[in-house]
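Have a look at the structure below before the remarks.
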Amino acid sequence: MFAHFKERISLGSLEINFLFDGDDTDGTLVQFELVVPPGAKVPAPHFHVDVDETLYILEGTLTQLIGTEMRELQPGDHCFIKRGTIHGFNNLHDKTARALCTLSPASIGPAYFREIAAVINPGGPPDMQKILTIMKGHGLELVKPA
C-alpha cells in the first residue's frame with residue numbers, strides 16, 4: 001500500500017516494511033508496515049522493557065493478545081501496548097493482515113529485525129539461545145508458557 005519503504009526485512013513469511021527508523025526521528029520512534037500471511041509463524045508472547053507499541057490495522061484481521069485479553073483487530077481498529085505489557089499476535093484467518101506499527105523510543109528497529117532474520121531465515125529449527133540473546137539485547141523479554 002505504501003509506495004516507498006526505507007527498508008524491507010523478511011522474517012520467515014512475515015514482512016516488515018520500515019517507513020521511519022531511529023535515524024529519521026532522532027531516536028524517538030520507528031514505524032513500519034507489518035504484513036502477516038494466514039497461519040504465519042509469529043513471535044511468541046513477549047514484552048518490551050522500555051518501548052511502547054501502537055498498532056493500526058490496515059487490512060485483514062489480527063488476533064492480538066494484550067496482557068490477559070485477546071482481541072480481534074480489524075481494519076480501522078487500533079491498540080496501544082504499554083511497555084512491560086505481555087503481548088503477541090496471530091493471523092488465524094484466511095486473508096493476509098497488514099498493520100501499521102509504531103515503537104517508541106526507537107530501540108527496537110531495523111537492526112533488531114535484521115539480527116533475528118539472520119537466525120531464523122536460513123531454515124531448520126532456529127537457535128533459541130541466539131534469539132533470546134538478541135531479544136534481551138534490544139529490551140525484549142520472552143514470556144514462558146504457563
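Letters for chains follow the order of the C-alpha cells (A, B, ...), residue numbers begin at 1 for each chain, and ligand numbers begin at 1 in the order shown.
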
- [ ] Mind checking which residues fall within 8 Å of Ser13 in chain A, counting only C-alpha atoms, ignoring those fewer than 4 positions away in the same chain, and posting them as a PyMOL selection string?
- [x] chain A and resi 36-37+40-41

Selected residues, all heavy atoms, written as a PDB file, in the first residue's frame, please.
ATOM      1  N   VAL A  36       1.294  -9.928   7.668  1.00  0.00           N
ATOM      2  CA  VAL A  36       1.171 -11.230   8.321  1.00  0.00           C
ATOM      3  C   VAL A  36       0.255 -12.138   7.498  1.00  0.00           C
ATOM      4  O   VAL A  36      -0.966 -12.006   7.545  1.00  0.00           O
ATOM      5  CB  VAL A  36       0.597 -11.081   9.753  1.00  0.00           C
ATOM      6  CG1 VAL A  36       0.630 -12.426  10.478  1.00  0.00           C
ATOM      7  CG2 VAL A  36       1.338 -10.017  10.549  1.00  0.00           C
ATOM      8  N   PRO A  37       0.832 -13.074   6.733  1.00  0.00           N
ATOM      9  CA  PRO A  37       0.002 -14.008   5.971  1.00  0.00           C
ATOM     10  C   PRO A  37      -0.777 -14.940   6.905  1.00  0.00           C
ATOM     11  O   PRO A  37      -0.402 -15.122   8.069  1.00  0.00           O
ATOM     12  CB  PRO A  37       1.017 -14.805   5.152  1.00  0.00           C
ATOM     13  CG  PRO A  37       2.262 -14.008   5.153  1.00  0.00           C
ATOM     14  CD  PRO A  37       2.251 -13.258   6.453  1.00  0.00           C
ATOM     15  N   ALA A  40       0.880 -17.596   9.539  1.00  0.00           N
ATOM     16  CA  ALA A  40       2.319 -17.310   9.619  1.00  0.00           C
ATOM     17  C   ALA A  40       2.861 -17.638  11.004  1.00  0.00           C
ATOM     18  O   ALA A  40       2.170 -17.473  12.011  1.00  0.00           O
ATOM     19  CB  ALA A  40       2.573 -15.835   9.310  1.00  0.00           C
ATOM     20  N   LYS A  41       4.106 -18.091  11.049  1.00  0.00           N
ATOM     21  CA  LYS A  41       4.781 -18.283  12.332  1.00  0.00           C
ATOM     22  C   LYS A  41       5.094 -16.894  12.870  1.00  0.00           C
ATOM     23  O   LYS A  41       5.710 -16.081  12.183  1.00  0.00           O
ATOM     24  CB  LYS A  41       6.058 -19.097  12.135  1.00  0.00           C
ATOM     25  CG  LYS A  41       6.754 -19.419  13.435  1.00  0.00           C
ATOM     26  CD  LYS A  41       7.650 -20.620  13.287  1.00  0.00           C
ATOM     27  CE  LYS A  41       8.430 -20.929  14.530  1.00  0.00           C
ATOM     28  NZ  LYS A  41       7.648 -21.162  15.719  1.00  0.00           N
TER      29      LYS A  41
END

Please report, as a tab-separated table (two decimals) with all heavy atoms, in the first residue's frame, each residue of chain A to which DSSP assigns alpha helix (DSSP H) when run on this structure's backbone.
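states06.tsv, written as the output of this step:
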chain	number	residue	atom	x	y	z
A	110	PRO	N	15.31	-1.57	12.82
A	110	PRO	CA	15.80	-2.47	11.79
A	110	PRO	C	16.94	-3.38	12.25
A	110	PRO	O	16.98	-4.55	11.85
A	110	PRO	CB	16.26	-1.53	10.68
A	110	PRO	CG	15.44	-0.29	10.87
A	110	PRO	CD	15.25	-0.18	12.35
A	111	ALA	N	17.85	-2.88	13.06
A	111	ALA	CA	18.99	-3.71	13.50
A	111	ALA	C	18.49	-4.97	14.22
A	111	ALA	O	18.99	-6.07	13.98
A	111	ALA	CB	19.92	-2.91	14.40
A	112	TYR	N	17.50	-4.80	15.09
A	112	TYR	CA	16.93	-5.95	15.81
A	112	TYR	C	16.36	-6.97	14.82
A	112	TYR	O	16.66	-8.16	14.90
A	112	TYR	CB	15.84	-5.49	16.78
A	112	TYR	CG	15.01	-6.64	17.30
A	112	TYR	CD1	15.52	-7.51	18.25
A	112	TYR	CD2	13.72	-6.87	16.82
A	112	TYR	CE1	14.79	-8.59	18.70
A	112	TYR	CE2	12.97	-7.93	17.27
A	112	TYR	CZ	13.51	-8.80	18.22
A	112	TYR	OH	12.77	-9.87	18.66
A	113	PHE	N	15.53	-6.51	13.89
A	113	PHE	CA	14.87	-7.42	12.96
A	113	PHE	C	15.87	-8.07	12.01
A	113	PHE	O	15.71	-9.24	11.65
A	113	PHE	CB	13.75	-6.69	12.21
A	113	PHE	CG	12.61	-6.32	13.11
A	113	PHE	CD1	12.45	-5.02	13.55
A	113	PHE	CD2	11.71	-7.28	13.54
A	113	PHE	CE1	11.40	-4.67	14.39
A	113	PHE	CE2	10.66	-6.95	14.39
A	113	PHE	CZ	10.50	-5.64	14.82
A	114	ARG	N	16.94	-7.38	11.62
A	114	ARG	CA	17.98	-7.98	10.78
A	114	ARG	C	18.69	-9.11	11.54
A	114	ARG	O	18.97	-10.17	10.98
A	114	ARG	CB	19.02	-6.93	10.36
A	114	ARG	CG	18.62	-6.11	9.17
A	114	ARG	CD	19.82	-5.26	8.70
A	114	ARG	NE	19.39	-3.89	8.57
A	114	ARG	CZ	19.68	-2.89	9.39
A	114	ARG	NH1	20.49	-3.07	10.42
A	114	ARG	NH2	19.20	-1.69	9.18
A	115	GLU	N	18.99	-8.86	12.83
A	115	GLU	CA	19.66	-9.88	13.64
A	115	GLU	C	18.78	-11.13	13.79
A	115	GLU	O	19.27	-12.25	13.68
A	115	GLU	CB	20.02	-9.32	15.01
A	115	GLU	CG	21.14	-8.31	14.98
A	115	GLU	CD	21.41	-7.71	16.36
A	115	GLU	OE1	21.51	-8.49	17.33
A	115	GLU	OE2	21.51	-6.47	16.45
A	116	ILE	N	17.50	-10.92	14.06
A	116	ILE	CA	16.57	-12.05	14.20
A	116	ILE	C	16.46	-12.79	12.86
A	116	ILE	O	16.48	-14.02	12.81
A	116	ILE	CB	15.19	-11.58	14.69
A	116	ILE	CG1	15.27	-11.09	16.15
A	116	ILE	CG2	14.14	-12.68	14.55
A	116	ILE	CD1	15.52	-12.17	17.18
A	117	ALA	N	16.34	-12.05	11.76
A	117	ALA	CA	16.23	-12.67	10.43
A	117	ALA	C	17.44	-13.56	10.14
A	117	ALA	O	17.29	-14.64	9.55
A	117	ALA	CB	16.07	-11.60	9.36
A	118	ALA	N	18.62	-13.13	10.53
A	118	ALA	CA	19.83	-13.90	10.28
A	118	ALA	C	19.80	-15.25	10.99
A	118	ALA	O	20.42	-16.21	10.54
A	118	ALA	CB	21.07	-13.10	10.70
A	119	VAL	N	19.06	-15.34	12.09
A	119	VAL	CA	18.96	-16.59	12.84
A	119	VAL	C	17.83	-17.47	12.31
A	119	VAL	O	17.98	-18.69	12.20
A	119	VAL	CB	18.75	-16.32	14.35
A	119	VAL	CG1	18.54	-17.61	15.13
A	119	VAL	CG2	19.93	-15.55	14.92
A	120	ILE	N	16.69	-16.88	11.95
A	120	ILE	CA	15.53	-17.72	11.59
A	120	ILE	C	15.39	-17.98	10.09
A	120	ILE	O	14.80	-18.98	9.70
A	120	ILE	CB	14.21	-17.17	12.15
A	120	ILE	CG1	13.83	-15.85	11.50
A	120	ILE	CG2	14.26	-17.04	13.65
A	120	ILE	CD1	12.41	-15.42	11.82
A	128	MET	N	17.38	-21.09	19.58
A	128	MET	CA	16.61	-20.29	20.53
A	128	MET	C	17.50	-19.49	21.47
A	128	MET	O	17.13	-18.40	21.89
A	128	MET	CB	15.63	-21.16	21.33
A	128	MET	CG	14.41	-21.57	20.53
A	128	MET	SD	13.54	-20.17	19.74
A	128	MET	CE	13.01	-19.22	21.16
A	129	GLN	N	18.68	-20.01	21.80
A	129	GLN	CA	19.57	-19.26	22.68
A	129	GLN	C	20.04	-17.98	22.00
A	129	GLN	O	20.09	-16.92	22.62
A	129	GLN	CB	20.76	-20.12	23.11
A	129	GLN	CG	21.52	-19.52	24.27
A	129	GLN	CD	20.62	-19.24	25.48
A	129	GLN	OE1	19.88	-20.09	25.94
A	129	GLN	NE2	20.66	-18.02	25.98
A	130	LYS	N	20.33	-18.04	20.70
A	130	LYS	CA	20.72	-16.84	19.95
A	130	LYS	C	19.55	-15.86	19.90
A	130	LYS	O	19.74	-14.65	20.07
A	130	LYS	CB	21.15	-17.20	18.53
A	130	LYS	CG	22.52	-17.79	18.42
A	130	LYS	CD	22.90	-18.02	16.98
A	130	LYS	CE	24.27	-18.67	16.87
A	130	LYS	NZ	24.60	-18.98	15.46
A	131	ILE	N	18.35	-16.37	19.64
A	131	ILE	CA	17.17	-15.49	19.58
A	131	ILE	C	16.96	-14.79	20.92
A	131	ILE	O	16.74	-13.58	20.96
A	131	ILE	CB	15.91	-16.29	19.15
A	131	ILE	CG1	16.03	-16.66	17.68
A	131	ILE	CG2	14.64	-15.49	19.42
A	131	ILE	CD1	14.93	-17.57	17.17
A	132	LEU	N	17.04	-15.54	22.01
A	132	LEU	CA	16.86	-14.94	23.34
A	132	LEU	C	17.92	-13.89	23.63
A	132	LEU	O	17.63	-12.85	24.22
A	132	LEU	CB	16.86	-16.03	24.42
A	132	LEU	CG	15.66	-16.96	24.41
A	132	LEU	CD1	15.87	-18.13	25.38
A	132	LEU	CD2	14.37	-16.22	24.73
A	133	THR	N	19.16	-14.14	23.22
A	133	THR	CA	20.24	-13.17	23.43
A	133	THR	C	19.98	-11.89	22.65
A	133	THR	O	20.16	-10.78	23.17
A	133	THR	CB	21.60	-13.80	23.04
A	133	THR	OG1	21.83	-14.94	23.87
A	133	THR	CG2	22.73	-12.80	23.19
A	134	ILE	N	19.54	-12.03	21.39
A	134	ILE	CA	19.22	-10.86	20.56
A	134	ILE	C	18.06	-10.09	21.19
A	134	ILE	O	18.12	-8.85	21.30
A	134	ILE	CB	18.88	-11.28	19.12
A	134	ILE	CG1	20.13	-11.87	18.44
A	134	ILE	CG2	18.34	-10.08	18.33
A	134	ILE	CD1	19.81	-12.62	17.15
A	135	MET	N	17.01	-10.81	21.59
A	135	MET	CA	15.85	-10.14	22.20
A	135	MET	C	16.28	-9.35	23.43
A	135	MET	O	15.96	-8.17	23.55
A	135	MET	CB	14.78	-11.18	22.57
A	135	MET	CG	14.07	-11.79	21.38
A	135	MET	SD	12.86	-13.06	21.85
A	135	MET	CE	11.58	-12.04	22.60
A	136	LYS	N	16.98	-10.00	24.32
A	136	LYS	CA	17.40	-9.34	25.56
A	136	LYS	C	18.27	-8.12	25.27
A	136	LYS	O	18.12	-7.08	25.91
A	136	LYS	CB	18.15	-10.33	26.45
A	136	LYS	CG	18.38	-9.84	27.86
A	136	LYS	CD	18.92	-10.92	28.76
A	136	LYS	CE	17.92	-11.69	29.53
A	136	LYS	NZ	16.86	-11.05	30.22
A	137	GLY	N	19.13	-8.21	24.25
A	137	GLY	CA	19.99	-7.10	23.89
A	137	GLY	C	19.24	-5.88	23.38
A	137	GLY	O	19.77	-4.77	23.40

- [ ] Using DSSP on the backbone, list every residue of chain A that comes out as strand (DSSP E or B), and give them as a count of residues only.
- [x] 59

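Going from CA of Leu73 in chain A to CA of Gly27 in chain A covers 28.3 Å.
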
TODO: Would you kindly return, as a ChimeraX atom specification, each protein, DNA or RNA residue with an atom no farther than 12 Å from any atom of range 75-86 of chain A, considering only C-alpha atoms and excluding same-chain residues fewer than 3 positions away?
DONE: /A:43-72,89,96-105,139-145

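Across the model, the gap from CA of Asp24 in chain A to CA of Lys6 in chain A is 10.1 Å.
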
- [ ] Report the distance between CA of Val30 in chain A and CA of Gly12 in chain A in Å, rounded to one decimal place.
- [x] 21.0 Å

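Using only C-alpha atoms for every distance, the candidate list A:Ser107, A:Leu92, A:Pro38, A:Gly124 yields A:Pro38 as the residue closest to Leu14 in chain A.
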
Open item on the list: Report as a count of residues only all protein, DNA and RNA residues lying within 9 Å of Phe20 in chain A, evaluated on only C-alpha atoms, omitting residues in the same chain fewer than 2 positions from it.
Closed with: 12
